[in-house]
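File shown here: target_37.tsv, holding TSV, C-alpha atoms.
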```tsv
chain	number	residue	atom	x	y	z
H	117	MET	CA	-12.32	-106.25	-12.91
H	118	HIS	CA	-9.98	-105.38	-15.76
H	119	LEU	CA	-10.18	-101.68	-14.91
H	120	ILE	CA	-8.97	-102.48	-11.38
H	121	VAL	CA	-5.89	-104.26	-12.74
H	122	ILE	CA	-5.21	-101.30	-15.04
H	123	TYR	CA	-5.70	-98.91	-12.12
H	124	VAL	CA	-3.07	-100.90	-10.17
H	125	ALA	CA	-0.67	-100.61	-13.14
H	126	GLY	CA	-1.11	-96.82	-13.00
H	127	LEU	CA	-0.66	-96.88	-9.23
H	128	LEU	CA	2.65	-98.79	-9.46
H	129	PHE	CA	3.85	-96.26	-12.02
H	130	GLY	CA	2.74	-93.28	-9.89
H	131	LEU	CA	4.33	-94.74	-6.76
H	132	GLY	CA	7.53	-95.44	-8.71
H	133	ILE	CA	7.64	-91.83	-9.90
H	134	SER	CA	7.07	-90.65	-6.30
H	135	ILE	CA	9.84	-92.82	-4.82
H	136	SER	CA	12.35	-92.27	-7.63
H	137	GLY	CA	12.28	-88.45	-7.69
H	138	MET	CA	11.31	-88.30	-11.39
H	139	GLY	CA	8.60	-85.82	-10.39
H	140	ASN	CA	11.12	-83.47	-8.75
H	141	PRO	CA	12.47	-80.94	-11.30
H	142	ALA	CA	15.57	-80.17	-9.20
H	143	LYS	CA	16.59	-83.83	-9.21
H	144	VAL	CA	15.83	-84.34	-12.90
H	145	LEU	CA	17.71	-81.20	-13.99
H	146	ASN	CA	20.68	-82.12	-11.80
H	147	PHE	CA	20.96	-85.44	-13.65
H	148	PHE	CA	21.64	-83.50	-16.84
H	149	ASP	CA	23.96	-80.99	-15.14
H	150	VAL	CA	27.12	-83.07	-15.40
H	151	ALA	CA	29.20	-79.89	-15.46
H	152	GLY	CA	27.55	-78.59	-12.25
H	153	VAL	CA	25.70	-80.18	-9.30
H	154	TRP	CA	25.45	-83.61	-10.93
H	155	ASP	CA	23.08	-86.16	-9.38
H	156	PRO	CA	23.26	-89.48	-11.29
H	157	SER	CA	20.08	-90.90	-9.62
H	158	LEU	CA	17.97	-90.70	-12.79
H	159	ALA	CA	20.18	-93.30	-14.49
H	160	PHE	CA	19.06	-95.79	-11.82
H	161	VAL	CA	15.39	-94.93	-12.47
H	162	MET	CA	15.75	-95.52	-16.20
H	163	GLY	CA	17.95	-98.57	-15.62
H	164	GLY	CA	15.57	-100.20	-13.12
H	165	ALA	CA	12.53	-99.49	-15.29
H	166	LEU	CA	14.24	-100.74	-18.46
H	167	ILE	CA	15.50	-104.01	-16.97
H	168	VAL	CA	12.08	-104.91	-15.53
H	169	THR	CA	10.19	-103.86	-18.67
H	170	PHE	CA	12.65	-105.61	-21.03
H	171	ILE	CA	12.35	-108.94	-19.19
H	172	GLY	CA	8.65	-108.53	-18.33
H	173	TYR	CA	7.63	-107.75	-21.94
H	174	ARG	CA	9.44	-110.88	-23.14
H	175	LEU	CA	7.48	-113.00	-20.67
H	176	VAL	CA	4.18	-111.27	-21.55
H	177	PHE	CA	4.70	-111.71	-25.31
H	178	ARG	CA	4.80	-115.49	-24.81
H	179	ILE	CA	1.04	-115.44	-24.25
H	180	PRO	CA	-0.99	-115.18	-27.49
H	181	GLN	CA	-3.11	-112.25	-26.32
H	182	PRO	CA	-3.37	-109.91	-23.33
H	183	MET	CA	-5.61	-110.90	-20.42
H	184	PHE	CA	-8.55	-108.60	-21.16
H	185	GLU	CA	-8.20	-107.81	-24.87
H	186	PRO	CA	-8.31	-109.95	-28.03
H	187	ALA	CA	-4.92	-108.62	-29.25
H	188	PHE	CA	-1.90	-106.50	-28.29
H	189	HIS	CA	-2.07	-102.81	-29.25
H	190	LEU	CA	1.57	-102.17	-30.16
H	191	PRO	CA	2.83	-99.09	-32.02
H	192	THR	CA	3.28	-100.06	-35.66
H	193	SER	CA	5.12	-97.08	-37.17
H	194	ARG	CA	8.74	-97.78	-38.10
H	195	VAL	CA	9.54	-94.49	-39.84
H	196	ILE	CA	12.46	-92.44	-38.58
H	197	ASP	CA	11.72	-88.99	-39.97
H	198	ALA	CA	12.01	-85.28	-39.24
H	199	ARG	CA	8.76	-85.38	-37.26
H	200	LEU	CA	10.11	-87.97	-34.81
H	201	ILE	CA	13.50	-86.30	-34.40
H	202	GLY	CA	12.21	-82.71	-34.44
H	203	GLY	CA	9.42	-83.52	-31.99
H	204	SER	CA	11.83	-85.28	-29.64
H	205	ALA	CA	14.23	-82.33	-29.85
H	206	VAL	CA	11.43	-79.87	-28.95
H	207	PHE	CA	10.46	-82.16	-26.07
H	208	GLY	CA	14.08	-82.12	-24.87
H	209	LEU	CA	14.15	-78.33	-25.00
H	210	GLY	CA	11.01	-78.13	-22.86
H	211	TRP	CA	12.24	-80.83	-20.46
H	212	GLY	CA	15.54	-79.01	-20.04
H	213	LEU	CA	13.80	-75.68	-19.36
H	214	SER	CA	11.31	-77.04	-16.83
H	215	GLY	CA	12.59	-80.35	-15.41
H	216	PHE	CA	9.18	-82.00	-15.90
H	217	CYS	CA	8.29	-84.73	-18.39
H	218	PRO	CA	4.67	-85.97	-18.84
H	219	GLY	CA	5.11	-89.23	-16.88
H	220	GLY	CA	6.91	-87.40	-14.10
H	221	VAL	CA	4.45	-84.55	-13.72
H	222	LEU	CA	1.07	-86.31	-13.98
H	223	PRO	CA	1.23	-88.21	-10.64
H	224	MET	CA	2.51	-85.03	-8.95
H	225	ILE	CA	-0.81	-83.27	-9.67
H	226	SER	CA	-1.99	-84.94	-6.44
H	227	THR	CA	0.42	-82.80	-4.42
H	228	GLY	CA	-1.42	-79.64	-5.55
H	229	ASP	CA	1.95	-77.93	-6.13
H	230	GLY	CA	1.58	-74.67	-8.10
H	231	SER	CA	4.42	-75.37	-10.56
H	232	VAL	CA	3.01	-78.82	-11.28
H	233	LEU	CA	-0.42	-77.37	-12.09
H	234	ILE	CA	1.04	-74.59	-14.26
H	235	PHE	CA	3.22	-77.04	-16.18
H	236	SER	CA	0.37	-79.54	-16.59
H	237	GLY	CA	-1.96	-76.85	-17.99
H	238	ALA	CA	0.72	-75.73	-20.47
H	239	LEU	CA	1.47	-79.37	-21.38
H	240	ILE	CA	-2.16	-80.07	-22.28
H	241	ALA	CA	-2.40	-76.76	-24.19
H	242	GLY	CA	0.75	-77.72	-26.12
H	243	MET	CA	-0.69	-81.11	-27.00
H	244	PHE	CA	-3.86	-79.51	-28.39
H	245	LEU	CA	-1.77	-76.92	-30.25
H	246	ALA	CA	0.33	-79.68	-31.83
H	247	ARG	CA	-2.76	-81.60	-32.94
H	248	TRP	CA	-4.07	-78.44	-34.59
H	249	MET	CA	-0.68	-77.85	-36.27
H	250	MET	CA	-0.66	-81.44	-37.55
H	251	GLY	CA	-4.11	-80.91	-39.05
H	252	VAL	CA	-2.92	-77.76	-40.86
H	253	ILE	CA	0.19	-79.56	-42.16
H	254	ALA	CA	-1.87	-82.55	-43.35
H	255	LYS	CA	-4.30	-80.26	-45.18
H	256	ARG	CA	-1.48	-78.38	-46.90
H	257	ASN	CA	0.15	-81.62	-48.05
H	258	THR	CA	-3.06	-82.95	-49.60
H	259	PRO	CA	-3.45	-81.61	-53.14
H	260	ALA	CA	-6.85	-79.92	-53.52
H	261	ALA	CA	-7.56	-81.36	-56.94
H	262	THR	CA	-5.41	-83.77	-58.88
H	263	PRO	CA	-5.45	-82.82	-62.55
H	264	ALA	CA	-6.52	-85.62	-64.88
H	265	GLU	CA	-3.80	-87.26	-66.96
O	15	MET	CA	20.41	-74.22	-8.53
O	16	ILE	CA	19.41	-76.65	-5.80
O	17	GLU	CA	21.76	-79.48	-4.84
O	18	THR	CA	20.09	-82.88	-4.53
O	19	GLU	CA	21.32	-85.96	-2.77
O	20	PHE	CA	22.41	-89.00	-4.84
O	21	THR	CA	19.76	-91.62	-4.02
O	22	PRO	CA	20.57	-94.75	-6.07
O	23	PHE	CA	18.45	-97.11	-3.94
O	24	ALA	CA	15.24	-95.03	-4.02
O	25	ALA	CA	15.82	-94.27	-7.72
O	26	GLY	CA	16.36	-97.92	-8.60
O	27	LEU	CA	13.37	-99.09	-6.55
O	28	GLY	CA	11.17	-96.40	-8.13
O	29	GLY	CA	12.38	-97.45	-11.57
O	30	VAL	CA	11.57	-101.10	-10.85
O	31	LEU	CA	8.02	-100.12	-9.79
O	32	ILE	CA	7.61	-98.06	-12.98
O	33	GLY	CA	8.70	-101.16	-14.90
O	34	PHE	CA	6.19	-103.38	-13.07
O	35	GLY	CA	3.43	-100.87	-13.92
O	36	ALA	CA	4.43	-100.97	-17.59
O	37	VAL	CA	4.56	-104.79	-17.67
O	38	LEU	CA	1.21	-105.12	-15.86
O	39	LEU	CA	-0.49	-102.84	-18.39
O	40	MET	CA	0.97	-104.86	-21.29
O	41	TRP	CA	-0.16	-108.13	-19.68
O	42	ALA	CA	-3.67	-106.81	-18.91
O	43	ARG	CA	-4.49	-104.79	-21.98
O	44	GLY	CA	-1.61	-105.07	-24.42
O	45	ASN	CA	-0.73	-101.36	-24.39
O	46	VAL	CA	2.60	-99.60	-23.92
O	47	PHE	CA	2.74	-97.35	-20.84
O	48	GLY	CA	3.38	-94.01	-22.51
O	49	ALA	CA	2.19	-91.05	-20.43
O	50	THR	CA	1.86	-88.95	-23.60
O	51	GLY	CA	-0.31	-91.45	-25.47
O	52	ILE	CA	-2.46	-92.24	-22.44
O	53	LEU	CA	-3.11	-88.56	-21.72
O	54	ALA	CA	-3.78	-87.66	-25.38
O	55	GLY	CA	-6.27	-90.54	-25.62
O	56	VAL	CA	-8.26	-89.18	-22.67
O	57	PHE	CA	-9.06	-86.08	-24.76
O	58	HIS	CA	-9.42	-87.89	-28.08
O	59	PRO	CA	-10.60	-91.46	-27.29
O	60	SER	CA	-11.60	-93.81	-30.10
O	61	SER	CA	-14.49	-95.28	-28.04
O	62	SER	CA	-15.95	-95.16	-24.53
O	63	SER	CA	-14.05	-98.30	-23.43
O	64	ASP	CA	-10.85	-96.75	-24.87
O	65	TRP	CA	-11.56	-93.71	-22.67
O	66	ALA	CA	-12.29	-95.77	-19.55
O	67	TRP	CA	-8.98	-97.65	-19.36
O	68	ARG	CA	-6.98	-94.46	-19.87
O	69	VAL	CA	-8.87	-92.77	-17.03
O	70	ALA	CA	-8.21	-95.85	-14.85
O	71	VAL	CA	-4.44	-95.60	-15.52
O	72	LEU	CA	-4.45	-91.86	-14.77
O	73	ALA	CA	-6.45	-92.39	-11.57
O	74	GLY	CA	-3.85	-94.98	-10.51
O	75	MET	CA	-1.00	-92.58	-11.33
O	76	LEU	CA	-2.68	-89.88	-9.22
O	77	THR	CA	-3.07	-92.34	-6.33
O	78	GLY	CA	0.69	-93.08	-6.31
O	79	PRO	CA	1.70	-90.03	-4.25
O	80	PHE	CA	-0.98	-90.84	-1.64
O	81	VAL	CA	0.44	-94.35	-1.20
O	82	TYR	CA	3.85	-92.69	-0.86
O	83	LEU	CA	2.35	-90.39	1.80
O	84	PHE	CA	0.90	-93.41	3.62
O	85	ILE	CA	4.29	-95.20	3.62
O	86	THR	CA	6.64	-92.29	4.37
O	87	GLY	CA	4.40	-89.76	6.11
O	88	ALA	CA	5.08	-87.03	3.52
O	89	MET	CA	4.12	-86.18	-0.06
O	90	PRO	CA	6.94	-86.57	-2.63
O	91	GLN	CA	9.30	-83.62	-2.60
O	92	ILE	CA	9.03	-81.07	-5.42
O	93	GLN	CA	11.86	-78.51	-5.68
O	94	VAL	CA	11.62	-76.04	-8.54
O	95	PRO	CA	14.87	-74.30	-9.51
O	96	VAL	CA	13.35	-72.51	-12.54
O	97	SER	CA	11.04	-69.50	-13.06
O	98	THR	CA	7.29	-69.60	-13.73
O	99	PRO	CA	7.73	-68.42	-17.37
O	100	ALA	CA	10.18	-71.32	-17.87
O	101	MET	CA	7.48	-73.69	-16.58
O	102	VAL	CA	4.87	-72.28	-18.98
O	103	ILE	CA	7.17	-72.29	-22.02
O	104	GLY	CA	8.61	-75.66	-20.98
O	105	GLY	CA	5.12	-77.17	-20.65
O	106	LEU	CA	4.03	-75.88	-24.07
O	107	LEU	CA	7.22	-77.17	-25.74
O	108	VAL	CA	6.93	-80.57	-24.04
O	109	GLY	CA	3.27	-80.85	-25.14
O	110	ILE	CA	4.12	-79.96	-28.75
O	111	GLY	CA	7.28	-82.08	-28.82
O	112	VAL	CA	5.82	-85.29	-27.43
O	113	THR	CA	2.84	-85.05	-29.79
O	114	PHE	CA	5.02	-84.70	-32.91
O	115	GLY	CA	7.62	-87.12	-31.55
O	116	ALA	CA	4.83	-89.58	-30.54
O	117	GLY	CA	6.20	-90.29	-27.09
O	118	CYS	CA	8.14	-89.18	-24.02
O	119	THR	CA	10.45	-90.68	-21.41
O	120	SER	CA	7.98	-93.44	-20.49
O	121	GLY	CA	6.71	-94.25	-24.00
O	122	HIS	CA	9.99	-94.10	-25.94
O	123	GLY	CA	12.56	-94.18	-23.12
O	124	VAL	CA	11.19	-97.17	-21.22
O	125	CYS	CA	8.54	-99.10	-23.18
O	126	GLY	CA	9.86	-98.43	-26.69
O	127	MET	CA	13.47	-99.20	-25.84
O	128	ALA	CA	12.38	-102.33	-23.95
O	129	ARG	CA	10.69	-103.43	-27.21
O	130	LEU	CA	13.96	-102.61	-29.02
O	131	SER	CA	12.11	-100.18	-31.31
O	132	PRO	CA	14.62	-98.28	-33.50
O	133	ARG	CA	12.28	-95.26	-33.48
O	134	SER	CA	12.39	-95.15	-29.70
O	135	PHE	CA	16.19	-95.39	-29.57
O	136	VAL	CA	16.45	-92.43	-31.96
O	137	ALA	CA	13.79	-90.43	-30.06
O	138	THR	CA	15.35	-91.12	-26.66
O	139	ALA	CA	18.90	-90.29	-27.81
O	140	THR	CA	17.55	-87.04	-29.32
O	141	PHE	CA	15.61	-85.80	-26.31
O	142	MET	CA	18.27	-86.83	-23.79
O	143	ALA	CA	20.95	-84.96	-25.78
O	144	VAL	CA	18.80	-81.84	-26.28
O	145	THR	CA	17.76	-81.80	-22.61
O	146	ALA	CA	21.40	-82.01	-21.49
O	147	LEU	CA	22.37	-79.26	-23.92
O	148	THR	CA	19.47	-77.06	-22.74
O	149	VAL	CA	20.42	-77.51	-19.08
O	150	PHE	CA	24.05	-76.71	-19.89
O	151	VAL	CA	23.13	-73.54	-21.79
O	152	MET	CA	20.60	-72.36	-19.16
O	153	ARG	CA	22.91	-73.00	-16.20
O	154	HIS	CA	26.41	-72.36	-17.47
O	155	ILE	CA	26.01	-69.91	-20.37
O	156	VAL	CA	22.79	-67.93	-19.80
O	157	GLY	CA	22.79	-68.19	-16.00
O	158	GLY	CA	26.57	-68.56	-15.62
```

Can you present the structure in this file as structure tokens?
Amino acid sequence: MHLIVIYVAGLLFGLGISISGMGNPAKVLNFFDVAGVWDPSLAFVMGGALIVTFIGYRLVFRIPQPMFEPAFHLPTSRVIDARLIGGSAVFGLGWGLSGFCPGGVLPMISTGDGSVLIFSGALIAGMFLARWMMGVIAKRNTPAATPAE
Amino acid sequence: MIETEFTPFAAGLGGVLIGFGAVLLMWARGNVFGATGILAGVFHPSSSSDWAWRVAVLAGMLTGPFVYLFITGAMPQIQVPVSTPAMVIGGLLVGIGVTFGAGCTSGHGVCGMARLSPRSFVATATFMAVTALTVFVMRHIVGG
């Protein structure tokens, strides 16, 4: 039962992406092209999503626990560091080059569009690459042997 | 460059549906609706039940365009004004960036900002600014 509810949540999201045009690179890129063929539609997508989520989360957080889980699984990190800012900047570079973001592209896989499939393959490869890079960085930052005092 | 029509009603309605999806997932399971985190967890789940809910969300996301087809009679429009190499490089950079930055437009831009997370405000301001700068450079300096 709980998987059906979660499936419906994904469906609402995927339908929202389809209706809004967030899965259409031309529309997304035109939102950022203020100096050219500007299309402000994306602001309404973000605005609509934010208003509903802001109010909805406040209502949901009044209940002590989610419907099908013993506790909420909220992100706990509060650090604002180079990793957060650098990663977000690299994401912006890729979003600006392609016009696809992960939430926008994933539902569009159903269309079978060639660009969507190419981008999605590269996206997943990039995620694996980043995990590998993080492992290398973590290993380098861990001292092999701490000398005794 | 492809001109697109300003569609505030469809955009706002789509945004509202995205918001309802995010709220429903929080109510049901207590998770933020971040496409990055959900996708990453499919490949690296912490348990089989952790894997199952992520697959259910993805299956729902993939069903969205078919519901759109049922309502409108056509699949959502995809217009690509960039080259294939830009798609490949863009996809790799997005994958690397969202993994290090721990979120994308849905995770930081919608769910994180709705939770008033300072991290998400910084992340969203960063990627929105860099995306705008990239589009400006690609269209008006490189391609201009």

Can you work out which one of H:Asn146, H:Asn257, H:Thr169, H:Ser236 has the shortest atom-to-atom distance to Pro223 in chain H, counting all atoms listed in the file?
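Closest candidate: H:Ser236.
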
So, counting all atoms listed in the file, which residue among O:Phe141, O:Gly121, O:Ala66, O:Val156 is closest to chain H?
O:Phe141

Near-Ile110 in chain O list (7 Å; all atoms listed in the file; drop same-chain fewer than 4 positions) as a PyMOL selection string:
(chain H and resi 242-243+245-246) or (chain O and resi 106+114)

Which residue gives the smallest distance to Thr140 in chain O among H:Arg178, H:Lys143, H:Arg199, H:His189, with all atoms listed in the file counted?
H:Arg199

Record the distance separating CA of Ser134 in chain H and CA of Thr50 in chain O, expressed in Å with one decimal.
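Going from CA of Ser134 in chain H over to CA of Thr50 in chain O, I get 18.1 Å.
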
Shell around Met162 in chain H at 10 Å using all atoms listed in the file, local window under 3 positions removed, as an NGL selection string:
(:H and (136 or 138 or 157-159 or 165-167)) or (:O and (25-26 or 28-30 or 32-33 or 119-120 or 123-124))

Excluding range 201-209 of chain H and residues on its chain fewer than 4 positions from it, collect all residues at most 8 Å away from it, counting only C-alpha atoms, and give them as an MDAnalysis selection string.
(chainID H and resid 196:197 213) or (chainID O and resid 104 107:118 136:138 140:145 148)

Export of prior selection with C-alpha atoms as a short mmCIF file (atom, residue, chain, number, x, y, z; two decimals), in the frame of the given file:
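What landed in part_24.cif:
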```
data_model
loop_
_atom_site.label_atom_id
_atom_site.label_comp_id
_atom_site.auth_asym_id
_atom_site.auth_seq_id
_atom_site.Cartn_x
_atom_site.Cartn_y
_atom_site.Cartn_z
CA ILE H 196 12.46 -92.44 -38.58
CA ASP H 197 11.72 -88.99 -39.97
CA LEU H 213 13.80 -75.68 -19.36
CA GLY O 104 8.61 -75.66 -20.98
CA LEU O 107 7.22 -77.17 -25.74
CA VAL O 108 6.93 -80.57 -24.04
CA GLY O 109 3.27 -80.85 -25.14
CA ILE O 110 4.12 -79.96 -28.75
CA GLY O 111 7.28 -82.08 -28.82
CA VAL O 112 5.82 -85.29 -27.43
CA THR O 113 2.84 -85.05 -29.79
CA PHE O 114 5.02 -84.70 -32.91
CA GLY O 115 7.62 -87.12 -31.55
CA ALA O 116 4.83 -89.58 -30.54
CA GLY O 117 6.20 -90.29 -27.09
CA CYS O 118 8.14 -89.18 -24.02
CA VAL O 136 16.45 -92.43 -31.96
CA ALA O 137 13.79 -90.43 -30.06
CA THR O 138 15.35 -91.12 -26.66
CA THR O 140 17.55 -87.04 -29.32
CA PHE O 141 15.61 -85.80 -26.31
CA MET O 142 18.27 -86.83 -23.79
CA ALA O 143 20.95 -84.96 -25.78
CA VAL O 144 18.80 -81.84 -26.28
CA THR O 145 17.76 -81.80 -22.61
CA THR O 148 19.47 -77.06 -22.74
#
```

Residue with smallest distance to chain H - pool O:Ser60, O:Ser134, O:Thr86, O:Val149, counting all atoms listed in the file
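Closest candidate: O:Val149.
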
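Using all atoms listed in the file, the nearest neighbour of Thr192 in chain H within the list O:Gly74, O:Val94, O:Val81, O:Val46 is O:Val46.
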
Taking (12.4, -80.0, -8.1) in the coordinates of the supplied file, I want to know which residues reach to within 12 Å of it, counting only C-alpha atoms; could you give the answer as a PDB file with C-alpha atoms, keeping the file's coordinate frame?
```
ATOM      1  CA  GLY H 137      12.280 -88.450  -7.690  1.00  0.00           C
ATOM      2  CA  MET H 138      11.310 -88.300 -11.390  1.00  0.00           C
ATOM      3  CA  GLY H 139       8.600 -85.820 -10.390  1.00  0.00           C
ATOM      4  CA  ASN H 140      11.120 -83.470  -8.750  1.00  0.00           C
ATOM      5  CA  PRO H 141      12.470 -80.940 -11.300  1.00  0.00           C
ATOM      6  CA  ALA H 142      15.570 -80.170  -9.200  1.00  0.00           C
ATOM      7  CA  LYS H 143      16.590 -83.830  -9.210  1.00  0.00           C
ATOM      8  CA  VAL H 144      15.830 -84.340 -12.900  1.00  0.00           C
ATOM      9  CA  LEU H 145      17.710 -81.200 -13.990  1.00  0.00           C
ATOM     10  CA  ASN H 146      20.680 -82.120 -11.800  1.00  0.00           C
ATOM     11  CA  PHE H 147      20.960 -85.440 -13.650  1.00  0.00           C
ATOM     12  CA  SER H 214      11.310 -77.040 -16.830  1.00  0.00           C
ATOM     13  CA  GLY H 215      12.590 -80.350 -15.410  1.00  0.00           C
ATOM     14  CA  PHE H 216       9.180 -82.000 -15.900  1.00  0.00           C
ATOM     15  CA  GLY H 220       6.910 -87.400 -14.100  1.00  0.00           C
ATOM     16  CA  VAL H 221       4.450 -84.550 -13.720  1.00  0.00           C
ATOM     17  CA  MET H 224       2.510 -85.030  -8.950  1.00  0.00           C
ATOM     18  CA  ASP H 229       1.950 -77.930  -6.130  1.00  0.00           C
ATOM     19  CA  SER H 231       4.420 -75.370 -10.560  1.00  0.00           C
ATOM     20  CA  VAL H 232       3.010 -78.820 -11.280  1.00  0.00           C
TER      21      VAL H 232
ATOM     22  CA  MET O  15      20.410 -74.220  -8.530  1.00  0.00           C
ATOM     23  CA  ILE O  16      19.410 -76.650  -5.800  1.00  0.00           C
ATOM     24  CA  GLU O  17      21.760 -79.480  -4.840  1.00  0.00           C
ATOM     25  CA  THR O  18      20.090 -82.880  -4.530  1.00  0.00           C
ATOM     26  CA  GLU O  19      21.320 -85.960  -2.770  1.00  0.00           C
ATOM     27  CA  PRO O  90       6.940 -86.570  -2.630  1.00  0.00           C
ATOM     28  CA  GLN O  91       9.300 -83.620  -2.600  1.00  0.00           C
ATOM     29  CA  ILE O  92       9.030 -81.070  -5.420  1.00  0.00           C
ATOM     30  CA  GLN O  93      11.860 -78.510  -5.680  1.00  0.00           C
ATOM     31  CA  VAL O  94      11.620 -76.040  -8.540  1.00  0.00           C
ATOM     32  CA  PRO O  95      14.870 -74.300  -9.510  1.00  0.00           C
ATOM     33  CA  VAL O  96      13.350 -72.510 -12.540  1.00  0.00           C
ATOM     34  CA  SER O  97      11.040 -69.500 -13.060  1.00  0.00           C
ATOM     35  CA  MET O 101       7.480 -73.690 -16.580  1.00  0.00           C
TER      36      MET O 101
END
```

Counting all atoms listed in the file, which residue out of O:Met152, O:Trp65, O:Phe47, O:Ala24 sits closest to Ala100 in chain O?
O:Met152

Contacts of range 129-131 of chain O at 8 Å or less, counting all atoms listed in the file, minus same-chain residues fewer than 2 places along, as JSON, numbers by chain?
{"H": [170, 173, 194], "O": [125, 126, 127, 133, 134, 135]}

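If you look at CA of Gly152 in chain H and CA of Gly157 in chain O, they are 12.0 Å away from each other.
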
CA of Leu27 in chain O and CA of Gly164 in chain H, how far apart in Å?
7.0 Å
